[in-house]
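Coordinates as given in final.cif (mmCIF, C-alpha atoms):
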```
data_model
#
loop_
_atom_site.label_atom_id
_atom_site.label_comp_id
_atom_site.auth_asym_id
_atom_site.auth_seq_id
_atom_site.Cartn_x
_atom_site.Cartn_y
_atom_site.Cartn_z
CA MET W 416 -23.86 -42.20 -82.21
CA THR W 417 -26.51 -44.34 -83.89
CA ARG W 418 -26.11 -48.08 -84.24
CA ASP W 419 -25.91 -47.77 -88.05
CA THR W 420 -23.12 -45.19 -87.84
CA LEU W 421 -21.17 -47.30 -85.37
CA ASP W 422 -21.59 -50.42 -87.53
CA ARG W 423 -20.21 -48.64 -90.62
CA ILE W 424 -17.21 -47.34 -88.64
CA GLU W 425 -16.49 -50.81 -87.25
CA GLU W 426 -16.69 -52.29 -90.75
CA TYR W 427 -14.22 -49.67 -91.98
CA ILE W 428 -11.77 -50.35 -89.15
CA THR W 429 -12.02 -54.10 -89.76
CA ALA W 430 -11.24 -53.62 -93.45
CA GLN W 431 -8.48 -51.01 -93.04
CA ALA W 432 -6.57 -52.07 -89.92
CA PRO W 433 -4.71 -55.01 -91.54
CA ARG W 434 -3.03 -52.54 -93.93
CA TYR W 435 -1.06 -50.81 -91.18
CA LYS W 436 1.80 -51.54 -88.81
CA GLN W 437 0.24 -49.34 -86.14
CA VAL W 438 -3.36 -48.52 -85.18
CA ILE W 439 -4.13 -45.82 -82.61
CA LEU W 440 -7.55 -45.05 -81.15
CA ALA W 441 -8.00 -41.67 -79.44
CA TRP W 442 -11.23 -41.27 -77.47
CA PHE W 443 -12.39 -37.66 -77.31
CA GLY W 444 -15.59 -35.84 -76.44
CA GLY W 445 -17.88 -34.60 -75.14
CA GLU W 446 -17.12 -37.07 -72.41
CA PRO W 447 -16.13 -40.58 -73.58
CA THR W 448 -16.65 -42.25 -70.19
CA LEU W 449 -20.40 -41.67 -70.68
CA CYS W 450 -20.20 -44.05 -73.66
CA LYS W 451 -18.38 -46.90 -71.93
CA ASP W 452 -20.12 -49.64 -73.92
CA THR W 453 -19.11 -48.10 -77.26
CA VAL W 454 -15.51 -47.62 -76.11
CA LEU W 455 -15.21 -51.24 -74.97
CA GLU W 456 -16.96 -52.62 -78.05
CA VAL W 457 -14.71 -50.87 -80.58
CA SER W 458 -11.60 -51.55 -78.50
CA ASN W 459 -12.43 -55.25 -78.39
CA ILE W 460 -12.74 -55.34 -82.19
CA VAL W 461 -9.32 -53.71 -82.64
CA GLN W 462 -7.71 -56.02 -80.08
CA ASN W 463 -9.05 -59.06 -81.92
CA LEU W 464 -7.74 -57.64 -85.21
CA GLN W 465 -4.36 -57.08 -83.57
CA LYS W 466 -4.18 -60.73 -82.53
CA GLN W 467 -4.99 -61.74 -86.09
CA TYR W 468 -2.71 -59.36 -88.00
CA GLY W 469 0.03 -58.42 -85.50
CA PHE W 470 -0.01 -54.64 -85.82
CA HIS W 471 0.92 -52.42 -82.86
CA TYR W 472 -2.17 -51.10 -81.06
CA ALA W 473 -2.30 -48.15 -78.68
CA ALA W 474 -5.19 -46.15 -77.28
CA ASN W 475 -5.62 -42.94 -75.33
CA MET W 476 -8.49 -40.95 -73.88
CA THR W 477 -9.21 -37.31 -73.11
CA THR W 478 -11.61 -37.29 -70.18
CA ASN W 479 -12.71 -35.04 -67.33
CA GLY W 480 -11.90 -37.94 -64.97
CA TYR W 481 -15.12 -37.63 -62.96
CA LEU W 482 -16.30 -41.19 -63.72
CA LEU W 483 -12.82 -42.70 -64.05
CA ASN W 484 -12.80 -44.71 -60.81
CA ASP W 485 -10.52 -47.72 -60.42
CA LYS W 486 -13.22 -50.16 -61.58
CA LEU W 487 -13.83 -48.38 -64.89
CA PHE W 488 -10.12 -47.72 -65.30
CA ARG W 489 -9.35 -51.44 -65.02
CA GLN W 490 -11.90 -52.18 -67.76
CA PHE W 491 -10.39 -49.55 -70.02
CA TYR W 492 -6.86 -50.75 -69.24
CA GLN W 493 -7.78 -54.28 -70.30
CA ALA W 494 -9.17 -52.73 -73.48
CA GLY W 495 -5.73 -51.27 -74.20
CA ILE W 496 -6.38 -47.67 -73.15
CA THR W 497 -3.24 -46.82 -71.20
CA SER W 498 -2.78 -43.09 -71.75
CA TYR W 499 -5.08 -40.33 -70.45
CA GLN W 500 -5.29 -36.56 -70.49
CA ILE W 501 -7.35 -35.05 -67.67
CA THR W 502 -7.83 -31.31 -67.27
CA ILE W 503 -7.84 -30.00 -63.71
CA ASP W 504 -8.12 -26.22 -63.57
CA GLY W 505 -6.29 -25.74 -60.31
CA TRP W 506 -7.95 -24.30 -57.23
CA ASN W 507 -10.70 -22.77 -59.42
CA HIS W 508 -11.73 -26.11 -60.90
CA ASP W 509 -15.10 -26.30 -59.14
CA LYS W 510 -15.98 -22.88 -60.55
CA THR W 511 -14.77 -23.45 -64.10
CA ARG W 512 -15.86 -27.11 -64.41
CA PRO W 513 -18.88 -27.75 -62.21
CA HIS W 514 -21.04 -30.87 -62.42
CA VAL W 515 -24.28 -30.57 -64.40
CA SER W 516 -26.01 -30.44 -61.01
CA GLY W 517 -23.99 -27.34 -60.12
CA LYS W 518 -21.90 -29.13 -57.49
CA GLY W 519 -18.12 -29.23 -57.47
CA THR W 520 -16.18 -31.99 -59.24
CA LEU W 521 -12.58 -31.52 -58.11
CA GLN W 522 -12.57 -33.77 -55.04
CA THR W 523 -14.20 -36.67 -56.88
CA ILE W 524 -11.58 -36.43 -59.65
CA ILE W 525 -8.72 -36.21 -57.16
CA ASN W 526 -10.09 -39.24 -55.27
CA ASN W 527 -10.26 -41.19 -58.54
CA LEU W 528 -6.68 -40.28 -59.44
CA ALA W 529 -5.44 -41.17 -55.98
CA SER W 530 -7.02 -44.62 -56.29
CA LEU W 531 -5.30 -45.12 -59.66
CA SER W 532 -1.97 -44.17 -58.14
CA LYS W 533 -2.37 -47.07 -55.71
CA LEU W 534 -2.46 -49.59 -58.58
CA PRO W 535 0.86 -51.50 -58.68
CA PRO W 536 3.18 -50.10 -61.39
CA ALA W 537 4.42 -53.56 -62.37
CA GLU W 538 0.86 -54.55 -63.27
CA TYR W 539 -0.49 -51.21 -64.49
CA SER W 540 1.90 -49.30 -66.73
CA PHE W 541 -0.13 -46.23 -67.70
CA HIS W 542 0.41 -42.52 -68.34
CA ILE W 543 -1.85 -39.79 -67.00
CA THR W 544 -1.29 -36.21 -68.11
CA LEU W 545 -2.82 -33.66 -65.75
CA ARG W 546 -3.49 -30.68 -67.98
CA HIS W 547 -3.53 -27.25 -66.34
CA ASN W 548 -5.00 -24.44 -68.44
CA ILE W 549 -3.77 -21.01 -67.36
CA LEU W 550 -5.04 -17.45 -67.77
CA ALA W 551 -3.19 -14.12 -67.72
CA ASP W 552 -3.45 -13.71 -63.95
CA ASP W 553 -2.54 -17.30 -63.03
CA GLU W 554 0.69 -17.21 -61.04
CA ASP W 555 -0.29 -19.24 -57.98
CA TYR W 556 2.10 -22.18 -58.06
CA SER W 557 0.82 -23.78 -54.87
CA TRP W 558 -1.42 -25.97 -57.03
CA TYR W 559 1.69 -27.75 -58.29
CA ASP W 560 2.90 -28.31 -54.73
CA TYR W 561 -0.44 -30.02 -54.05
CA LEU W 562 -0.14 -32.23 -57.12
CA TYR W 563 3.43 -33.11 -56.22
CA ARG W 564 2.42 -34.25 -52.74
CA LEU W 565 -0.19 -36.52 -54.31
CA PHE W 566 1.56 -37.80 -57.43
CA GLY W 567 5.10 -36.44 -57.56
CA HIS W 568 6.70 -39.77 -56.74
CA ASP W 569 4.61 -41.70 -59.27
CA LYS W 570 6.22 -41.28 -62.70
CA ARG W 571 3.01 -42.44 -64.35
CA PHE W 572 1.66 -38.92 -63.68
CA ALA W 573 2.83 -35.70 -65.31
CA VAL W 574 1.60 -32.13 -65.74
CA LEU W 575 1.01 -30.31 -69.02
CA VAL W 576 0.67 -26.52 -68.93
CA ARG W 577 -1.32 -24.81 -71.67
CA ALA W 578 -2.58 -21.26 -72.07
CA VAL W 579 -6.36 -20.96 -72.49
CA GLY W 580 -7.19 -20.22 -76.11
CA ASP W 581 -10.13 -18.57 -77.83
CA TRP W 582 -11.94 -21.36 -79.66
CA GLY W 583 -15.23 -19.47 -80.03
CA GLY W 584 -18.36 -19.02 -77.94
CA GLU W 585 -19.49 -16.20 -75.71
CA GLY W 586 -17.97 -17.40 -72.42
CA VAL W 587 -14.42 -16.72 -73.58
CA HIS W 588 -15.03 -12.95 -73.54
CA SER W 589 -15.14 -12.95 -69.73
CA LEU W 590 -11.73 -14.65 -69.47
CA SER W 591 -8.33 -12.97 -69.23
CA ILE W 592 -6.82 -14.69 -72.28
CA LEU W 593 -3.05 -14.50 -72.67
CA HIS W 594 -1.74 -12.73 -75.77
CA GLN W 595 0.89 -14.39 -77.94
CA ASP W 596 3.71 -12.16 -76.67
CA THR W 597 3.04 -13.02 -73.01
CA LYS W 598 1.75 -16.57 -73.35
CA ASP W 599 5.11 -18.25 -73.83
CA VAL W 600 6.66 -16.30 -70.96
CA LEU W 601 4.02 -17.31 -68.40
CA VAL W 602 3.91 -20.93 -69.54
CA ALA W 603 7.70 -21.05 -69.19
CA LYS W 604 7.43 -19.76 -65.60
CA HIS W 605 4.97 -22.54 -64.73
CA VAL W 606 7.18 -25.16 -66.36
CA ALA W 607 10.24 -23.82 -64.52
CA TYR W 608 8.44 -24.20 -61.20
CA LEU W 609 7.43 -27.77 -62.02
CA ASP W 610 11.07 -28.53 -62.85
CA LYS W 611 12.17 -26.88 -59.60
CA ILE W 612 9.98 -29.10 -57.40
CA GLY W 613 10.71 -32.22 -59.47
CA MET W 614 7.24 -32.81 -60.92
CA SER W 615 7.23 -34.57 -64.28
CA CYS W 616 6.22 -32.17 -67.05
CA HIS W 617 4.94 -33.10 -70.49
CA ASN W 618 5.81 -29.70 -71.92
CA HIS W 619 9.26 -31.22 -72.48
CA ARG W 620 8.30 -33.15 -75.61
CA ASN W 621 11.27 -33.93 -77.81
CA GLY W 622 12.09 -36.24 -80.65
CA ALA W 623 11.45 -36.33 -84.37
CA LEU W 624 7.95 -35.23 -85.43
CA ALA W 625 7.08 -34.29 -81.83
CA GLN W 626 5.26 -31.14 -82.98
CA VAL W 627 3.43 -32.60 -85.98
CA CYS W 628 -0.31 -32.32 -85.35
CA TYR W 629 -2.40 -35.49 -85.46
CA ALA W 630 -4.57 -33.85 -88.14
CA SER W 631 -1.57 -33.74 -90.48
CA TYR W 632 -1.24 -37.49 -90.76
CA PRO W 633 -2.91 -38.74 -93.97
CA HIS W 634 -4.61 -41.71 -92.29
CA SER W 635 -5.78 -39.79 -89.22
CA MET W 636 -9.47 -38.93 -89.04
CA VAL W 637 -12.09 -37.89 -86.51
CA PHE W 638 -15.32 -39.90 -86.44
CA ARG W 639 -18.03 -37.78 -84.85
CA ALA W 640 -21.25 -38.91 -83.20
CA ASN W 641 -23.33 -37.20 -85.90
CA GLY W 642 -21.67 -39.20 -88.67
CA LYS W 643 -19.42 -36.40 -89.92
CA ILE W 644 -15.72 -37.11 -90.44
CA GLY W 645 -13.10 -34.43 -89.88
CA LYS W 646 -9.38 -33.90 -89.43
CA CYS W 647 -9.18 -31.31 -86.63
CA THR W 648 -10.86 -31.62 -83.22
CA VAL W 649 -10.91 -27.85 -82.73
CA ALA W 650 -12.46 -26.48 -85.93
CA LEU W 651 -15.10 -29.20 -85.85
CA ASP W 652 -17.84 -27.64 -88.00
CA HIS W 653 -15.74 -25.48 -90.30
CA PRO W 654 -16.38 -26.36 -93.97
CA GLN W 655 -12.65 -26.79 -94.62
CA ASN W 656 -12.54 -29.48 -91.93
CA GLN W 657 -15.17 -31.74 -93.49
CA LEU W 658 -13.20 -34.77 -94.64
CA GLY W 659 -16.23 -36.94 -95.32
CA TRP W 660 -19.19 -38.67 -93.74
CA VAL W 661 -20.59 -42.02 -92.69
CA ASP W 662 -23.13 -43.14 -95.31
CA PRO W 663 -25.69 -45.79 -94.29
CA GLU W 664 -25.35 -47.51 -97.69
CA LYS W 665 -21.86 -46.63 -98.96
CA GLY W 666 -20.09 -46.77 -95.60
CA ILE W 667 -17.15 -44.40 -95.04
CA VAL W 668 -16.92 -41.69 -97.71
CA ILE W 669 -13.65 -39.69 -97.77
CA ASP W 670 -12.81 -36.65 -99.91
CA PRO W 671 -9.18 -37.25 -101.02
CA GLU W 672 -8.63 -33.59 -101.96
CA VAL W 673 -9.49 -32.42 -98.43
CA ASN W 674 -7.26 -35.11 -96.95
CA CYS W 675 -4.35 -34.06 -99.16
CA ARG W 676 -4.82 -30.41 -98.17
CA TRP W 677 -4.45 -31.32 -94.47
CA SER W 678 -1.75 -33.95 -94.81
CA PHE W 679 0.97 -32.43 -96.96
CA SER W 680 3.03 -29.26 -96.71
CA ASP W 681 5.91 -27.70 -98.57
CA LEU W 682 8.81 -26.66 -96.38
CA LYS W 683 9.40 -22.91 -96.45
CA PRO W 684 12.96 -21.73 -97.21
CA GLU W 685 13.39 -20.54 -93.62
CA CYS W 686 12.36 -24.00 -92.36
CA ARG W 687 15.34 -25.65 -94.06
CA SER W 688 17.80 -23.85 -91.80
CA CYS W 689 15.77 -24.36 -88.61
CA ARG W 690 17.23 -26.83 -86.12
CA ASN W 691 13.70 -27.89 -85.17
CA VAL W 692 12.53 -28.70 -88.67
CA LEU W 693 12.26 -32.45 -88.02
CA ARG W 694 9.97 -31.80 -85.07
CA CYS W 695 7.28 -29.96 -87.04
CA MET W 696 7.96 -30.31 -90.82
CA ASN W 697 5.81 -27.16 -91.15
CA MET W 698 2.81 -29.27 -90.11
CA GLN W 699 2.46 -28.37 -86.44
CA CYS W 700 -0.97 -26.77 -86.98
CA LYS W 701 -2.61 -27.14 -90.37
CA LYS W 702 -5.69 -25.37 -88.99
CA SER W 703 -3.66 -22.15 -88.84
CA GLU W 704 -2.81 -22.45 -92.52
CA ILE W 705 -6.05 -23.88 -93.94
CA ILE W 706 -8.66 -22.12 -91.81
CA ASP W 707 -6.90 -19.10 -90.28
CA GLY W 708 -4.77 -18.32 -93.34
CA LYS W 709 -1.42 -18.32 -91.55
CA THR W 710 1.15 -20.57 -89.94
CA VAL W 711 2.83 -19.82 -86.65
CA CYS W 712 6.40 -20.81 -85.88
CA LEU W 713 6.64 -21.78 -82.23
CA TYR W 714 10.41 -21.41 -82.18
CA ARG W 715 10.84 -18.03 -83.82
CA LYS W 716 7.77 -16.66 -82.01
CA SER W 717 6.66 -15.05 -85.25
CA GLU W 718 4.28 -15.67 -88.09
CA CYS W 719 5.66 -17.18 -91.26
CA VAL W 720 4.09 -15.50 -94.29
#
```

Let me see the file written as structure tokens.
Amino acid sequence: MTRDTLDRIEEYITAQAPRYKQVILAWFGGEPTLCKDTVLEVSNIVQNLQKQYGFHYAANMTTNGYLLNDKLFRQFYQAGITSYQITIDGWNHDKTRPHVSGKGTLQTIINNLASLSKLPPAEYSFHITLRHNILADDEDYSWYDYLYRLFGHDKRFAVLVRAVGDWGGEGVHSLSILHQDTKDVLVAKHVAYLDKIGMSCHNHRNGALAQVCYASYPHSMVFRANGKIGKCTVALDHPQNQLGWVDPEKGIVIDPEVNCRWSFSDLKPECRSCRNVLRCMNMQCKKSEIIDGKTVCLYRKSECV
């Protein structure tokens, strides 16, 4: 991200933040720990604005965890980043997520996480979600036994199980992707095993609006390093995802029609009788509707047309 782009974004945040009761920063990538200075700079600006205007501030980060040692973690924690999602692909992690040098990364990440677990809970109240992406042939649950031995007694750690999806690219063709009719079944088996051994599991997300996608909120936006602004972090370069851009002269330029398309949805007749309607409000994945031309009901396991 160029200095000009970052300056315009910081000016926008400074002008907009006082309007809201809550401001949330979500650091995504690429790999955000490679841009530590930017993360700390923007976080410091928001923290100062919070002191001035009194809004609630929260921050989270999606990171591979390779550079997240206790020293860097402490800096981020002081900057208000208290929630993390870190993907660890089980016993195959070194194969699926090698270092740029070709070496394995798993042990370094595990060592980092173990050092964070030693931080006193009374002083460091954080949440780390260990995401495990599964394929069609993934039924080795010994990985969860390993995680439980390391972190099972620390409630600041939890596991999230997700089926690997096809988000484009050539590499996906060599993977045994789960189909919709088998995906839910296998994920449920993994979750059941986690429950059996007593490992905290973030698949159990409840509460009002729990399934509403971040892209559906009208004031949610993705600032990219190239100056583009989007709504969805999956369909990054799709034309329907282009909310606006960072202009060197005009600052932040937003297309209100695109924002409205992503942020509002009429409830279908079948939604009104669904006991889970308050969890999704038919806005659990606007990408499915806007870009893929369909919406998928997670609870009926069928497409709503």

Which residues would end up in the selection if the PyMOL selection byres ((chain W and resi 634) around 10) were applied here, given that I need the answer as a VMD selection string? chain W and resid 435 438 629 to 633 635 to 636 646 674 678

Please measure the separation of atom CA of W:Asp681 and atom CA of W:Asn697, giving the value in Å to one decimal.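 That distance, rounded to one decimal, is 7.4 Å.
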
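Taking all atoms listed in the file into account, W:Gly666 lies nearest to W:Ile644 out of the set W:Ile549, W:Ile644, W:Ser540, W:Asn507.
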
Please write the residues picked by the PyMOL selection byres ((chain W and resi 564-571) around 8) on this file as an MDAnalysis selection string. chainID W and resid 529 532 540:543 560:563 572:573 613:615

Just so the selection is clear, what residues does the PyMOL selection byres ((chain W and resi 455-472) around 10) cover here, as a ChimeraX atom specification? /W:421-422,424-426,428-430,432-440,450-454,473-474,490-491,493-496

With distances taken over only C-alpha atoms, which of W:Pro513, W:Leu545, W:Tyr427, W:Ser680 is nearest to W:Ile667?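 Result for the nearest residue to W:Ile667: W:Tyr427.
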
Looking at W:Lys683, W:Lys643, W:His547, W:His594, which one is nearest to W:His617, with distances taken over all atoms listed in the file? W:His547

Nearest residue to W:Asp485 from the set W:Ser498, W:Ile524, W:Asp509, W:Val515 (distances using all atoms listed in the file):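 Comparing W:Ser498, W:Ile524, W:Asp509, W:Val515 against W:Asp485, the winner is W:Ile524.
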
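Between W:Val649 and the candidates W:Ser703, W:Gln431, W:Thr497, W:Thr511, the tightest atom-to-atom separation, counting all atoms listed in the file, involves W:Ser703.
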
Take the point (-19.6, -35.5, -96.8) in the file's coordinates, draw a sphere of radius 9 Å around it, and report as JSON, numbers by chain every protein, DNA or RNA residue with an atom inside or on it, counting all atoms listed in the file. {"W": [643, 644, 657, 658, 659, 660, 661, 662, 668, 669, 670]}

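The coordinates place atom CA of W:Pro654 at 25.7 Å from atom CA of W:Arg418.
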
Go ahead and compute the interatomic distance for atom CA of W:Glu446 and atom CA of W:Leu483, in Å to one decimal.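 Distance between the two atoms: 11.0 Å.
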
Using all atoms listed in the file, collect all residues at a distance of at most 9 Å from (-13.3, -36.0, -66.5) as written in the file, then present them as a VMD selection string. chain W and resid 446 to 448 477 to 483 500 to 503 520 524

Find, counting only C-alpha atoms, the residue in W:Leu550, W:Ala625, W:Ala640, W:Ala650 that gets nearest to W:Thr597. W:Leu550

Complete the atoms of stretch 692-711 of chain W to N, CA, C and O atoms and put them out as a short mmCIF file (atom, residue, chain, number, x, y, z; two decimals), keeping the file's coordinate frame.
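File rebuild_30.cif, as written:
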```cif
data_model
loop_
_atom_site.label_atom_id
_atom_site.label_comp_id
_atom_site.auth_asym_id
_atom_site.auth_seq_id
_atom_site.Cartn_x
_atom_site.Cartn_y
_atom_site.Cartn_z
N VAL W 692 13.36 -28.37 -87.52
CA VAL W 692 12.53 -28.70 -88.67
C VAL W 692 11.96 -30.11 -88.60
O VAL W 692 10.83 -30.37 -88.98
N LEU W 693 12.73 -31.06 -88.07
CA LEU W 693 12.26 -32.45 -88.02
C LEU W 693 11.17 -32.65 -86.97
O LEU W 693 10.51 -33.68 -86.96
N ARG W 694 11.00 -31.68 -86.09
CA ARG W 694 9.97 -31.80 -85.07
C ARG W 694 8.61 -31.36 -85.59
O ARG W 694 7.59 -31.76 -85.05
N CYS W 695 8.58 -30.48 -86.60
CA CYS W 695 7.28 -29.96 -87.04
C CYS W 695 7.04 -30.13 -88.54
O CYS W 695 5.88 -30.22 -88.95
N MET W 696 8.09 -30.15 -89.37
CA MET W 696 7.96 -30.31 -90.82
C MET W 696 6.94 -29.33 -91.41
O MET W 696 6.28 -29.61 -92.41
N ASN W 697 6.80 -28.17 -90.75
CA ASN W 697 5.81 -27.16 -91.15
C ASN W 697 4.38 -27.72 -91.13
O ASN W 697 3.53 -27.30 -91.90
N MET W 698 4.14 -28.68 -90.23
CA MET W 698 2.81 -29.27 -90.11
C MET W 698 2.36 -29.32 -88.65
O MET W 698 1.65 -30.21 -88.24
N GLN W 699 2.80 -28.33 -87.86
CA GLN W 699 2.46 -28.37 -86.44
C GLN W 699 1.02 -27.92 -86.20
O GLN W 699 0.42 -28.27 -85.18
N CYS W 700 0.43 -27.15 -87.11
CA CYS W 700 -0.97 -26.77 -86.98
C CYS W 700 -1.51 -26.41 -88.36
O CYS W 700 -1.46 -25.25 -88.79
N LYS W 701 -2.06 -27.39 -89.04
CA LYS W 701 -2.61 -27.14 -90.37
C LYS W 701 -3.86 -26.27 -90.31
O LYS W 701 -4.22 -25.61 -91.28
N LYS W 702 -4.53 -26.26 -89.15
CA LYS W 702 -5.69 -25.37 -88.99
C LYS W 702 -5.28 -23.92 -89.21
O LYS W 702 -6.02 -23.15 -89.85
N SER W 703 -4.12 -23.52 -88.68
CA SER W 703 -3.66 -22.15 -88.84
C SER W 703 -3.53 -21.77 -90.31
O SER W 703 -3.88 -20.67 -90.72
N GLU W 704 -3.03 -22.72 -91.09
CA GLU W 704 -2.81 -22.45 -92.52
C GLU W 704 -4.11 -22.53 -93.31
O GLU W 704 -4.45 -21.62 -94.07
N ILE W 705 -4.87 -23.61 -93.11
CA ILE W 705 -6.05 -23.88 -93.94
C ILE W 705 -7.23 -23.01 -93.56
O ILE W 705 -7.94 -22.48 -94.43
N ILE W 706 -7.47 -22.83 -92.27
CA ILE W 706 -8.66 -22.12 -91.81
C ILE W 706 -8.36 -20.68 -91.43
O ILE W 706 -9.12 -19.76 -91.75
N ASP W 707 -7.23 -20.45 -90.74
CA ASP W 707 -6.90 -19.10 -90.28
C ASP W 707 -6.06 -18.31 -91.29
O ASP W 707 -5.84 -17.12 -91.11
N GLY W 708 -5.53 -19.00 -92.30
CA GLY W 708 -4.77 -18.32 -93.34
C GLY W 708 -3.36 -17.94 -92.95
O GLY W 708 -2.77 -17.03 -93.52
N LYS W 709 -2.78 -18.63 -91.97
CA LYS W 709 -1.42 -18.32 -91.55
C LYS W 709 -0.83 -19.55 -90.88
O LYS W 709 -1.52 -20.48 -90.49
N THR W 710 0.48 -19.56 -90.75
CA THR W 710 1.15 -20.57 -89.94
C THR W 710 1.98 -19.85 -88.90
O THR W 710 2.47 -18.75 -89.13
N VAL W 711 2.12 -20.45 -87.75
CA VAL W 711 2.83 -19.82 -86.65
C VAL W 711 4.02 -20.68 -86.26
O VAL W 711 3.87 -21.87 -85.99
#
```
